[in-house]
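What follows is the content of run-v6.csv (CSV, C-alpha atoms).
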chain,number,residue,atom,x,y,z
A,1,MET,CA,13.4,4.4,-17.5
A,2,MET,CA,11.5,5.7,-14.5
A,3,ASP,CA,13.5,8.2,-12.5
A,4,LEU,CA,12.5,9.0,-8.9
A,5,ALA,CA,15.8,10.7,-7.9
A,6,GLY,CA,15.1,13.6,-5.5
A,7,LYS,CA,11.7,12.2,-4.5
A,8,THR,CA,10.8,11.0,-1.0
A,9,ALA,CA,8.3,8.2,-0.6
A,10,VAL,CA,6.5,7.1,2.6
A,11,VAL,CA,5.5,3.4,2.5
A,12,THR,CA,3.3,2.1,5.3
A,13,GLY,CA,3.7,-1.5,6.3
A,14,GLY,CA,7.1,-1.5,4.5
A,15,SER,CA,9.0,-4.0,6.6
A,16,ARG,CA,8.1,-7.2,4.7
A,17,GLY,CA,6.0,-8.7,1.9
A,18,ILE,CA,4.5,-6.4,-0.7
A,19,GLY,CA,5.6,-3.4,1.4
A,20,ARG,CA,9.2,-4.4,1.4
A,21,ALA,CA,9.2,-5.1,-2.3
A,22,VAL,CA,7.7,-1.6,-2.9
A,23,CYS,CA,10.4,0.0,-0.8
A,24,LEU,CA,13.1,-1.7,-2.8
A,25,GLU,CA,11.5,-0.9,-6.1
A,26,LEU,CA,11.2,2.8,-5.3
A,27,ALA,CA,14.8,2.8,-4.0
A,28,ARG,CA,16.0,1.1,-7.1
A,29,HIS,CA,14.6,4.0,-9.1
A,30,GLY,CA,16.3,6.6,-6.9
A,31,ALA,CA,13.7,7.6,-4.3
A,32,ASN,CA,14.4,8.2,-0.6
A,33,VAL,CA,12.3,5.8,1.4
A,34,VAL,CA,10.6,6.2,4.8
A,35,LEU,CA,8.9,3.1,5.8
A,36,CYS,CA,6.7,2.5,8.8
A,37,TYR,CA,6.2,-0.7,10.6
A,38,ALA,CA,3.9,-1.9,13.4
A,39,GLY,CA,6.2,-3.9,15.6
A,40,ASN,CA,8.9,-5.9,13.7
A,41,GLU,CA,11.9,-3.6,14.1
A,42,ALA,CA,14.4,-6.2,12.9
A,43,ALA,CA,12.5,-6.7,9.6
A,44,ALA,CA,12.2,-2.9,9.2
A,45,ASN,CA,15.9,-2.4,9.7
A,46,GLU,CA,16.6,-5.2,7.2
A,47,THR,CA,14.5,-3.3,4.6
A,48,VAL,CA,16.3,-0.1,5.4
A,49,ALA,CA,19.7,-1.8,4.8
A,50,ALA,CA,18.5,-3.3,1.6
A,51,CYS,CA,17.3,0.1,0.3
A,52,GLU,CA,20.6,1.7,1.3
A,53,ALA,CA,22.5,-1.1,-0.6
A,54,LEU,CA,20.7,0.1,-3.7
A,55,GLY,CA,22.1,3.6,-3.1
A,56,ALA,CA,19.0,5.1,-1.6
A,57,LYS,CA,18.6,6.9,1.7
A,58,ALA,CA,16.1,5.2,4.0
A,59,LEU,CA,14.5,5.5,7.4
A,60,ALA,CA,12.2,3.3,9.5
A,61,VAL,CA,9.6,4.7,11.8
A,62,GLN,CA,7.3,2.7,14.1
A,63,CYS,CA,3.7,3.7,13.6
A,64,ASP,CA,0.2,2.5,14.2
A,65,VAL,CA,-1.6,3.9,11.2
A,66,SER,CA,-4.9,3.9,12.9
A,67,ASP,CA,-3.7,6.5,15.3
A,68,ALA,CA,-3.8,10.1,14.0
A,69,ALA,CA,-1.1,11.4,16.3
A,70,GLN,CA,1.3,8.6,15.3
A,71,VAL,CA,0.6,9.1,11.6
A,72,GLN,CA,1.3,12.8,11.9
A,73,ALA,CA,4.6,12.0,13.7
A,74,LEU,CA,5.5,9.6,10.8
A,75,MET,CA,4.9,12.3,8.2
A,76,ASP,CA,6.8,14.9,10.3
A,77,ALA,CA,9.8,12.6,10.6
A,78,ALA,CA,9.8,12.0,6.9
A,79,ALA,CA,9.6,15.8,6.1
A,80,LYS,CA,12.3,16.5,8.7
A,81,ALA,CA,14.7,13.9,7.3
A,82,PHE,CA,14.2,14.6,3.6
A,83,GLY,CA,12.5,18.0,3.3
A,84,ALA,CA,9.2,17.0,1.6
A,85,ILE,CA,7.0,14.0,0.9
A,86,HIS,CA,6.3,13.4,-2.8
A,87,ILE,CA,5.0,9.8,-2.8
A,88,LEU,CA,2.7,8.0,-0.3
A,89,VAL,CA,2.1,4.3,-0.6
A,90,ASN,CA,-0.6,3.0,1.7
A,91,ASN,CA,0.2,-0.7,2.1
A,92,ALA,CA,-0.3,-1.4,5.8
A,93,GLY,CA,-3.1,-3.8,6.5
A,94,ILE,CA,-4.2,-6.8,8.5
A,95,THR,CA,-6.7,-9.7,8.2
A,96,ARG,CA,-9.0,-11.2,10.8
A,97,ASP,CA,-10.8,-13.8,8.7
A,98,GLY,CA,-14.0,-15.6,9.6
A,99,LEU,CA,-17.6,-16.1,8.4
A,100,LEU,CA,-19.9,-13.2,9.1
A,101,MET,CA,-22.1,-15.3,11.4
A,102,THR,CA,-19.3,-16.0,13.8
A,103,MET,CA,-17.1,-12.9,13.2
A,104,LYS,CA,-16.4,-11.0,16.4
A,105,GLU,CA,-17.2,-7.3,16.3
A,106,ALA,CA,-13.6,-6.6,17.5
A,107,ASP,CA,-12.2,-8.4,14.5
A,108,PHE,CA,-14.4,-6.3,12.1
A,109,ASP,CA,-13.4,-3.1,13.9
A,110,ALA,CA,-9.6,-3.9,13.9
A,111,VAL,CA,-9.5,-4.6,10.1
A,112,LEU,CA,-11.4,-1.4,9.3
A,113,ALA,CA,-9.2,0.6,11.6
A,114,ALA,CA,-5.9,-0.6,10.1
A,115,ASN,CA,-6.9,-1.0,6.4
A,116,LEU,CA,-9.5,1.8,5.9
A,117,LYS,CA,-9.0,4.4,8.7
A,118,GLY,CA,-5.2,4.0,8.4
A,119,THR,CA,-5.4,4.9,4.7
A,120,PHE,CA,-7.7,7.8,5.4
A,121,LEU,CA,-5.4,9.2,8.1
A,122,CYS,CA,-2.3,8.9,6.0
A,123,MET,CA,-3.9,10.5,2.9
A,124,LYS,CA,-5.2,13.3,5.1
A,125,ALA,CA,-1.8,14.0,6.6
A,126,VAL,CA,-0.1,14.4,3.2
A,127,SER,CA,-2.9,16.1,1.2
A,128,ARG,CA,-2.3,19.7,2.3
A,129,PRO,CA,1.5,19.6,1.9
A,130,MET,CA,1.1,17.9,-1.5
A,131,MET,CA,-1.5,20.5,-2.6
A,132,LYS,CA,0.9,23.4,-1.5
A,133,GLN,CA,3.8,21.9,-3.5
A,134,ARG,CA,1.4,21.2,-6.4
A,135,TYR,CA,2.9,17.7,-6.7
A,136,GLY,CA,2.1,14.3,-5.2
A,137,ARG,CA,1.6,10.7,-5.9
A,138,ILE,CA,-0.7,8.6,-3.7
A,139,VAL,CA,-0.9,4.9,-4.3
A,140,ASN,CA,-3.3,2.9,-2.2
A,141,LEU,CA,-3.2,-0.9,-1.9
A,142,SER,CA,-6.6,-2.4,-2.3
A,143,SER,CA,-7.2,-6.0,-3.2
A,144,VAL,CA,-8.9,-8.3,-5.6
A,145,VAL,CA,-11.1,-9.2,-2.6
A,146,GLY,CA,-12.3,-5.6,-2.6
A,147,LEU,CA,-13.4,-6.0,-6.3
A,148,ARG,CA,-15.1,-9.4,-6.2
A,149,GLY,CA,-15.6,-10.3,-2.5
A,150,ASN,CA,-14.5,-13.5,-0.8
A,151,ALA,CA,-16.3,-15.8,1.6
A,152,GLY,CA,-14.9,-15.5,5.1
A,153,GLN,CA,-13.5,-12.0,4.5
A,154,VAL,CA,-16.5,-9.6,4.9
A,155,ASN,CA,-14.4,-7.2,7.0
A,156,TYR,CA,-11.3,-7.3,4.7
A,157,ALA,CA,-13.5,-7.0,1.6
A,158,ALA,CA,-15.3,-4.0,3.1
A,159,SER,CA,-12.0,-2.3,4.0
A,160,LYS,CA,-10.5,-2.8,0.6
A,161,ALA,CA,-13.6,-1.8,-1.3
A,162,GLY,CA,-13.7,1.3,0.9
A,163,VAL,CA,-10.1,2.1,-0.1
A,164,ILE,CA,-11.2,2.1,-3.8
A,165,GLY,CA,-14.0,4.5,-3.0
A,166,MET,CA,-11.7,6.9,-1.1
A,167,THR,CA,-9.1,6.7,-3.9
A,168,LYS,CA,-11.6,7.8,-6.5
A,169,SER,CA,-13.1,10.5,-4.3
A,170,LEU,CA,-9.7,12.0,-3.3
A,171,ALA,CA,-8.5,11.9,-6.9
A,172,LYS,CA,-11.3,14.3,-7.8
A,173,GLU,CA,-10.4,16.6,-4.9
A,174,LEU,CA,-6.7,16.9,-5.7
A,175,ALA,CA,-6.4,16.5,-9.4
A,176,SER,CA,-6.3,20.2,-10.2
A,177,ARG,CA,-3.3,20.6,-7.8
A,178,GLY,CA,-1.1,18.1,-9.6
A,179,VAL,CA,-1.7,15.3,-7.1
A,180,THR,CA,-2.7,11.9,-8.5
A,181,VAL,CA,-4.4,9.2,-6.4
A,182,ASN,CA,-4.6,5.7,-7.7
A,183,ALA,CA,-5.0,2.2,-6.3
A,184,VAL,CA,-3.4,-1.2,-7.0
A,185,ALA,CA,-5.5,-4.3,-6.4
A,186,PRO,CA,-3.3,-7.3,-5.9
A,187,GLY,CA,-4.6,-10.8,-6.4
A,188,PHE,CA,-3.1,-13.7,-4.5
A,189,ILE,CA,0.5,-12.9,-3.9
A,190,GLU,CA,3.2,-15.1,-2.4
A,191,THR,CA,3.6,-13.6,1.0
A,192,ASP,CA,3.6,-14.8,4.6
A,193,MET,CA,-0.2,-14.4,4.6
A,194,THR,CA,-0.8,-16.7,1.6
A,195,ALA,CA,1.9,-19.1,2.8
A,196,ALA,CA,-0.3,-19.8,5.9
A,197,MET,CA,-3.2,-20.9,3.7
A,198,PRO,CA,-4.2,-24.6,3.8
A,199,GLU,CA,-3.2,-26.5,0.7
A,200,ALA,CA,-6.8,-27.1,-0.3
A,201,ALA,CA,-7.5,-23.4,-0.3
A,202,LYS,CA,-4.3,-22.7,-2.3
A,203,THR,CA,-5.5,-25.2,-4.9
A,204,ALA,CA,-8.9,-23.7,-5.1
A,205,THR,CA,-7.4,-20.2,-5.5
A,206,LEU,CA,-5.1,-21.2,-8.3
A,207,SER,CA,-8.0,-22.7,-10.2
A,208,ALA,CA,-9.6,-19.2,-10.2
A,209,ILE,CA,-6.5,-17.5,-11.7
A,210,PRO,CA,-6.3,-17.5,-15.5
A,211,MET,CA,-2.5,-17.4,-15.3
A,212,SER,CA,-2.5,-20.4,-13.0
A,213,ARG,CA,0.1,-19.1,-10.5
A,214,LEU,CA,0.4,-16.8,-7.5
A,215,GLY,CA,1.9,-13.4,-8.1
A,216,ALA,CA,5.2,-12.2,-6.6
A,217,PRO,CA,5.5,-9.1,-4.4
A,218,GLU,CA,7.7,-7.6,-7.1
A,219,ASP,CA,4.8,-7.8,-9.6
A,220,VAL,CA,2.8,-5.5,-7.4
A,221,ALA,CA,5.8,-3.3,-6.6
A,222,ARG,CA,6.5,-2.5,-10.3
A,223,ALA,CA,2.9,-1.4,-10.7
A,224,VAL,CA,3.1,0.8,-7.7
A,225,ALA,CA,6.4,2.4,-8.9
A,226,PHE,CA,4.8,3.2,-12.3
A,227,LEU,CA,1.9,5.0,-10.7
A,228,ALA,CA,4.3,6.8,-8.4
A,229,SER,CA,6.3,8.1,-11.4
A,230,ASP,CA,6.0,11.0,-13.8
A,231,GLU,CA,5.2,8.4,-16.5
A,232,ALA,CA,1.8,8.1,-14.9
A,233,ALA,CA,1.2,11.9,-14.5
A,234,TYR,CA,-2.1,11.8,-16.5
A,235,ILE,CA,-3.5,8.8,-14.6
A,236,THR,CA,-5.7,9.4,-11.5
A,237,GLY,CA,-8.6,7.8,-9.8
A,238,GLN,CA,-7.8,4.4,-11.4
A,239,VAL,CA,-7.6,0.9,-10.0
A,240,LEU,CA,-4.9,-1.3,-11.5
A,241,ALA,CA,-5.5,-5.0,-10.8
A,242,VAL,CA,-2.3,-7.1,-10.5
A,243,ASP,CA,-4.0,-10.5,-10.2
A,244,GLY,CA,-3.1,-12.7,-13.1
A,245,GLY,CA,-6.6,-12.0,-14.6
A,246,MET,CA,-8.5,-13.1,-11.5
A,247,SER,CA,-10.9,-10.2,-11.5
A,248,MET,CA,-11.8,-10.3,-15.2
Structure rendered as structure tokens:
Amino acid sequence: MMDLAGKTAVVTGGSRGIGRAVCLELARHGANVVLCYAGNEAAANETVAACEALGAKALAVQCDVSDAAQVQALMDAAAKAFGAIHILVNNAGITRDGLLMTMKEADFDAVLAANLKGTFLCMKAVSRPMMKQRYGRIVNLSSVVGLRGNAGQVNYAASKAGVIGMTKSLAKELASRGVTVNAVAPGFIETDMTAAMPEAAKTATLSAIPMSRLGAPEDVARAVAFLASDEAAYITGQVLAVDGGMSM
């Protein structure tokens, strides 16, 4: 059984959806959890309470991951609370969907700032400390959309494909120091985001999934926890698709 006792994990976008499931899964295996949230303090506090109910120590910190100063403050708060950061899960992300011909430049910039730049800033903030302690697990949330594209999501696809490129590049930079860097690419998962999809779009999506169902946040969380554990110590630079076979 995976044992994360004594480890501290920072999870961005941890207040709900996949991020919340990741926090709970890491807490279930004994990790201290520091989650950041953009604005929903009530949801963040609920996640903290759920982690604590599992016997873990947890802390919520508000943070805009596209702002370098706020990211550094997040990491400083985690290190102050628990001594060191052993695991980073980059989950925070947004969508601003639309066809390229009508997509506003501001919507393109916002998605790249949150999804791609945010991941970059968080990885940069933990890389040096992890190298010094010669231990670290970085798990980045990409997407099936970053692997195969999707009409109406040029900005989101670009950001998630970029996450894969950064993952593989940083994995090569940090491998010799005992730090692994991997990505998980979820397919269509039952979250608030997918719940808002029109029924016709959901039907079309299901037809493209060999397992003929949407995934659950817990499906993704278990993959993240594995890559964050010592069981995955010899795995780095990889992309694990959790998508019911959609990207085959």
- [ ] Between A:Cys122, A:Met2, A:Ala158, A:Ala49, single out the one closest to Cys23 (chain A), counting all atoms listed in the file.
- [x] A:Ala49
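Picture a line from CA of Tyr156 (chain A) to CA of Thr95 (chain A); it runs 6.3 Å.
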Write out as JSON lines the residues of region 76-116 of chain A that have any atom within 9 Å of an atom of region 226-230 of chain A, one row each with the nearest atom pair and its distance in Å to one decimal, counting only C-alpha atoms, sorted by chain and then rising number.
{"residue": "A:His86", "atom": "CA", "partner": "A:Ala228", "partner_atom": "CA", "distance": 8.9}
{"residue": "A:Ile87", "atom": "CA", "partner": "A:Ala228", "partner_atom": "CA", "distance": 6.4}
{"residue": "A:Leu88", "atom": "CA", "partner": "A:Ala228", "partner_atom": "CA", "distance": 8.3}
{"residue": "A:Val89", "atom": "CA", "partner": "A:Ala228", "partner_atom": "CA", "distance": 8.5}
Task: Nearest-residue call for Gly17 (chain A), choices A:Ala232, A:Ala125, A:Glu173, A:Pro217, using only C-alpha atoms - done: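 The shortest atom-to-atom distance to Gly17 (chain A) comes from A:Pro217.
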Open item on the list: Just to confirm, what's the straight-line distance from CA of Arg222 (chain A) to CA of Ile18 (chain A) in Å (one decimal)?
Closed with: 10.6 Å
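Between Thr8 (chain A) and the candidates A:Leu141, A:Ala56, A:Met103, A:Ala185, the tightest atom-to-atom separation, counting all atoms listed in the file, involves A:Ala56.
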Task: Polymer residues at most 12 Å from Gly245 (chain A), only C-alpha atoms, same-chain spacing of 6 or more positions, as number ranges by chain - done: A: 144, 185-188, 206-215
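CA of Asp76 (chain A) lies 10.7 Å from CA of Val61 (chain A).
Using only C-alpha atoms, the nearest neighbour of Val65 (chain A) within the list A:Phe108, A:Phe120, A:Tyr135, A:Tyr234 is A:Phe120.
Once Gly146 (chain A) and its same-chain neighbours fewer than 5 positions away are set aside, A:Ala157, A:Ala158, A:Lys160, A:Ala161 remain within 7 Å of it when counting only C-alpha atoms.
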TODO: Counting all atoms listed in the file, figure out which residue out of A:Thr12, A:Ser247, A:Ser176, A:Thr194 gets nearest to Met131 (chain A).
DONE: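 Ranking A:Thr12, A:Ser247, A:Ser176, A:Thr194 by distance to Met131 (chain A), first place goes to A:Ser176.
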Open item on the list: Using only C-alpha atoms for the distances, tell me which of A:Leu24, A:Val111, A:Val126, A:Ile85 is nearest to Ala53 (chain A).
Closed with: A:Leu24
List the spatial neighbours of Ala175 (chain A) as a PDB file with C-alpha atoms, in the coordinates of the input - criterion: any atom at most 12 Å away, all atoms listed in the file, same-chain residues fewer than 5 positions off excluded.
ATOM      1  CA  SER A 127      -2.900  16.100   1.200  1.00  0.00           C
ATOM      2  CA  MET A 130       1.100  17.900  -1.500  1.00  0.00           C
ATOM      3  CA  MET A 131      -1.500  20.500  -2.600  1.00  0.00           C
ATOM      4  CA  ARG A 134       1.400  21.200  -6.400  1.00  0.00           C
ATOM      5  CA  TYR A 135       2.900  17.700  -6.700  1.00  0.00           C
ATOM      6  CA  GLY A 136       2.100  14.300  -5.200  1.00  0.00           C
ATOM      7  CA  ARG A 137       1.600  10.700  -5.900  1.00  0.00           C
ATOM      8  CA  ILE A 138      -0.700   8.600  -3.700  1.00  0.00           C
ATOM      9  CA  THR A 167      -9.100   6.700  -3.900  1.00  0.00           C
ATOM     10  CA  LYS A 168     -11.600   7.800  -6.500  1.00  0.00           C
ATOM     11  CA  SER A 169     -13.100  10.500  -4.300  1.00  0.00           C
ATOM     12  CA  LEU A 170      -9.700  12.000  -3.300  1.00  0.00           C
ATOM     13  CA  THR A 180      -2.700  11.900  -8.500  1.00  0.00           C
ATOM     14  CA  VAL A 181      -4.400   9.200  -6.400  1.00  0.00           C
ATOM     15  CA  ASN A 182      -4.600   5.700  -7.700  1.00  0.00           C
ATOM     16  CA  ALA A 233       1.200  11.900 -14.500  1.00  0.00           C
ATOM     17  CA  TYR A 234      -2.100  11.800 -16.500  1.00  0.00           C
ATOM     18  CA  ILE A 235      -3.500   8.800 -14.600  1.00  0.00           C
ATOM     19  CA  THR A 236      -5.700   9.400 -11.500  1.00  0.00           C
ATOM     20  CA  GLY A 237      -8.600   7.800  -9.800  1.00  0.00           C
TER      21      GLY A 237
END
Open item on the list: Taking (9.1, 6.4, -3.5) as a centre in this file's frame and 7 Å as the limit, can you find every polymer residue with an atom that close, using only C-alpha atoms, and give them as a list of chain:residue names?
Closed with: A:Leu4, A:Lys7, A:Thr8, A:Ala9, A:Val10, A:Leu26, A:Ala27, A:Ala31, A:Asn32, A:Val33, A:Ile87, A:Ala228
Can you report as AutoDock Vina command-line options the centre and edge lengths in Å, to one decimal, of an axis-aligned box around the listed atoms of region 45-55 of chain A padded with 6 Å on each side?
--center_x 18.5 --center_y -0.8 --center_z 3.0 --size_x 20.0 --size_y 20.8 --size_z 25.4
- [ ] Determine, counting all atoms listed in the file, which protein, DNA and RNA residues have an atom within 12 Å of an atom of Glu41 (chain A); residues of the same chain fewer than 5 positions away are not included. Present the result as a PyMOL selection string.
- [x] chain A and resi 13-16+35-36+46-48+59-63
Task: Contacts of Gly98 (chain A) at 8 Å (all atoms listed in the file; same-chain gap of 4+ positions) as JSON, numbers by chain - done: {"A": [102, 103, 152, 153]}
Can you sort out region 56-85 of chain A so it carries N, CA and C atoms, written as a JSON list (two decimals), in the frame of the given file?
[["chain", "number", "residue", "atom", "x", "y", "z"],
["A", 56, "ALA", "N", 20.00, 4.20, -2.06],
["A", 56, "ALA", "CA", 19.00, 5.10, -1.60],
["A", 56, "ALA", "C", 19.22, 5.49, -0.12],
["A", 57, "LYS", "N", 18.62, 6.58, 0.30],
["A", 57, "LYS", "CA", 18.60, 6.90, 1.70],
["A", 57, "LYS", "C", 17.25, 6.37, 2.26],
["A", 58, "ALA", "N", 17.29, 5.81, 3.48],
["A", 58, "ALA", "CA", 16.10, 5.20, 4.00],
["A", 58, "ALA", "C", 16.00, 5.36, 5.52],
["A", 59, "LEU", "N", 14.76, 5.32, 6.01],
["A", 59, "LEU", "CA", 14.50, 5.50, 7.40],
["A", 59, "LEU", "C", 13.30, 4.69, 7.82],
["A", 60, "ALA", "N", 13.36, 4.05, 8.97],
["A", 60, "ALA", "CA", 12.20, 3.30, 9.50],
["A", 60, "ALA", "C", 11.64, 3.97, 10.70],
["A", 61, "VAL", "N", 10.31, 4.04, 10.75],
["A", 61, "VAL", "CA", 9.60, 4.70, 11.80],
["A", 61, "VAL", "C", 8.47, 3.77, 12.31],
["A", 62, "GLN", "N", 8.42, 3.49, 13.60],
["A", 62, "GLN", "CA", 7.30, 2.70, 14.10],
["A", 62, "GLN", "C", 6.05, 3.52, 14.16],
["A", 63, "CYS", "N", 4.94, 2.94, 13.70],
["A", 63, "CYS", "CA", 3.70, 3.70, 13.60],
["A", 63, "CYS", "C", 2.50, 2.81, 13.57],
["A", 64, "ASP", "N", 1.50, 3.12, 14.36],
["A", 64, "ASP", "CA", 0.20, 2.50, 14.20],
["A", 64, "ASP", "C", -0.65, 3.44, 13.36],
["A", 65, "VAL", "N", -0.92, 3.01, 12.12],
["A", 65, "VAL", "CA", -1.60, 3.90, 11.20],
["A", 65, "VAL", "C", -3.00, 4.23, 11.51],
["A", 66, "SER", "N", -3.58, 3.54, 12.47],
["A", 66, "SER", "CA", -4.90, 3.90, 12.90],
["A", 66, "SER", "C", -4.99, 4.96, 13.94],
["A", 67, "ASP", "N", -3.82, 5.46, 14.33],
["A", 67, "ASP", "CA", -3.70, 6.50, 15.30],
["A", 67, "ASP", "C", -3.25, 7.81, 14.68],
["A", 68, "ALA", "N", -4.09, 8.83, 14.71],
["A", 68, "ALA", "CA", -3.80, 10.10, 14.00],
["A", 68, "ALA", "C", -2.52, 10.73, 14.45],
["A", 69, "ALA", "N", -2.26, 10.73, 15.75],
["A", 69, "ALA", "CA", -1.10, 11.40, 16.30],
["A", 69, "ALA", "C", 0.20, 10.66, 15.78],
["A", 70, "GLN", "N", 0.17, 9.33, 15.75],
["A", 70, "GLN", "CA", 1.30, 8.60, 15.30],
["A", 70, "GLN", "C", 1.54, 8.78, 13.78],
["A", 71, "VAL", "N", 0.45, 8.86, 13.03],
["A", 71, "VAL", "CA", 0.60, 9.10, 11.60],
["A", 71, "VAL", "C", 1.20, 10.47, 11.34],
["A", 72, "GLN", "N", 0.77, 11.49, 12.08],
["A", 72, "GLN", "CA", 1.30, 12.80, 11.90],
["A", 72, "GLN", "C", 2.83, 12.82, 12.26],
["A", 73, "ALA", "N", 3.18, 12.09, 13.32],
["A", 73, "ALA", "CA", 4.60, 12.00, 13.70],
["A", 73, "ALA", "C", 5.41, 11.32, 12.61],
["A", 74, "LEU", "N", 4.84, 10.32, 11.96],
["A", 74, "LEU", "CA", 5.50, 9.60, 10.80],
["A", 74, "LEU", "C", 5.80, 10.64, 9.72],
["A", 75, "MET", "N", 4.78, 11.40, 9.33],
["A", 75, "MET", "CA", 4.90, 12.30, 8.20],
["A", 75, "MET", "C", 5.91, 13.46, 8.60],
["A", 76, "ASP", "N", 5.86, 13.89, 9.86],
["A", 76, "ASP", "CA", 6.80, 14.90, 10.30],
["A", 76, "ASP", "C", 8.23, 14.42, 10.26],
["A", 77, "ALA", "N", 8.43, 13.16, 10.64],
["A", 77, "ALA", "CA", 9.80, 12.60, 10.60],
["A", 77, "ALA", "C", 10.29, 12.48, 9.19],
["A", 78, "ALA", "N", 9.41, 12.12, 8.26],
["A", 78, "ALA", "CA", 9.80, 12.00, 6.90],
["A", 78, "ALA", "C", 10.18, 13.40, 6.30],
["A", 79, "ALA", "N", 9.37, 14.40, 6.60],
["A", 79, "ALA", "CA", 9.60, 15.80, 6.10],
["A", 79, "ALA", "C", 10.90, 16.33, 6.73],
["A", 80, "LYS", "N", 11.13, 16.03, 8.01],
["A", 80, "LYS", "CA", 12.30, 16.50, 8.70],
["A", 80, "LYS", "C", 13.58, 15.89, 8.08],
["A", 81, "ALA", "N", 13.50, 14.60, 7.76],
["A", 81, "ALA", "CA", 14.70, 13.90, 7.30],
["A", 81, "ALA", "C", 15.00, 14.26, 5.82],
["A", 82, "PHE", "N", 13.97, 14.48, 4.99],
["A", 82, "PHE", "CA", 14.20, 14.60, 3.60],
["A", 82, "PHE", "C", 13.60, 15.89, 2.93],
["A", 83, "GLY", "N", 12.95, 16.73, 3.75],
["A", 83, "GLY", "CA", 12.50, 18.00, 3.30],
["A", 83, "GLY", "C", 11.05, 18.06, 2.77],
["A", 84, "ALA", "N", 10.58, 17.01, 2.14],
["A", 84, "ALA", "CA", 9.20, 17.00, 1.60],
["A", 84, "ALA", "C", 8.81, 15.55, 1.34],
["A", 85, "ILE", "N", 7.51, 15.34, 1.23],
["A", 85, "ILE", "CA", 7.00, 14.00, 0.90],
["A", 85, "ILE", "C", 6.36, 14.13, -0.52]]
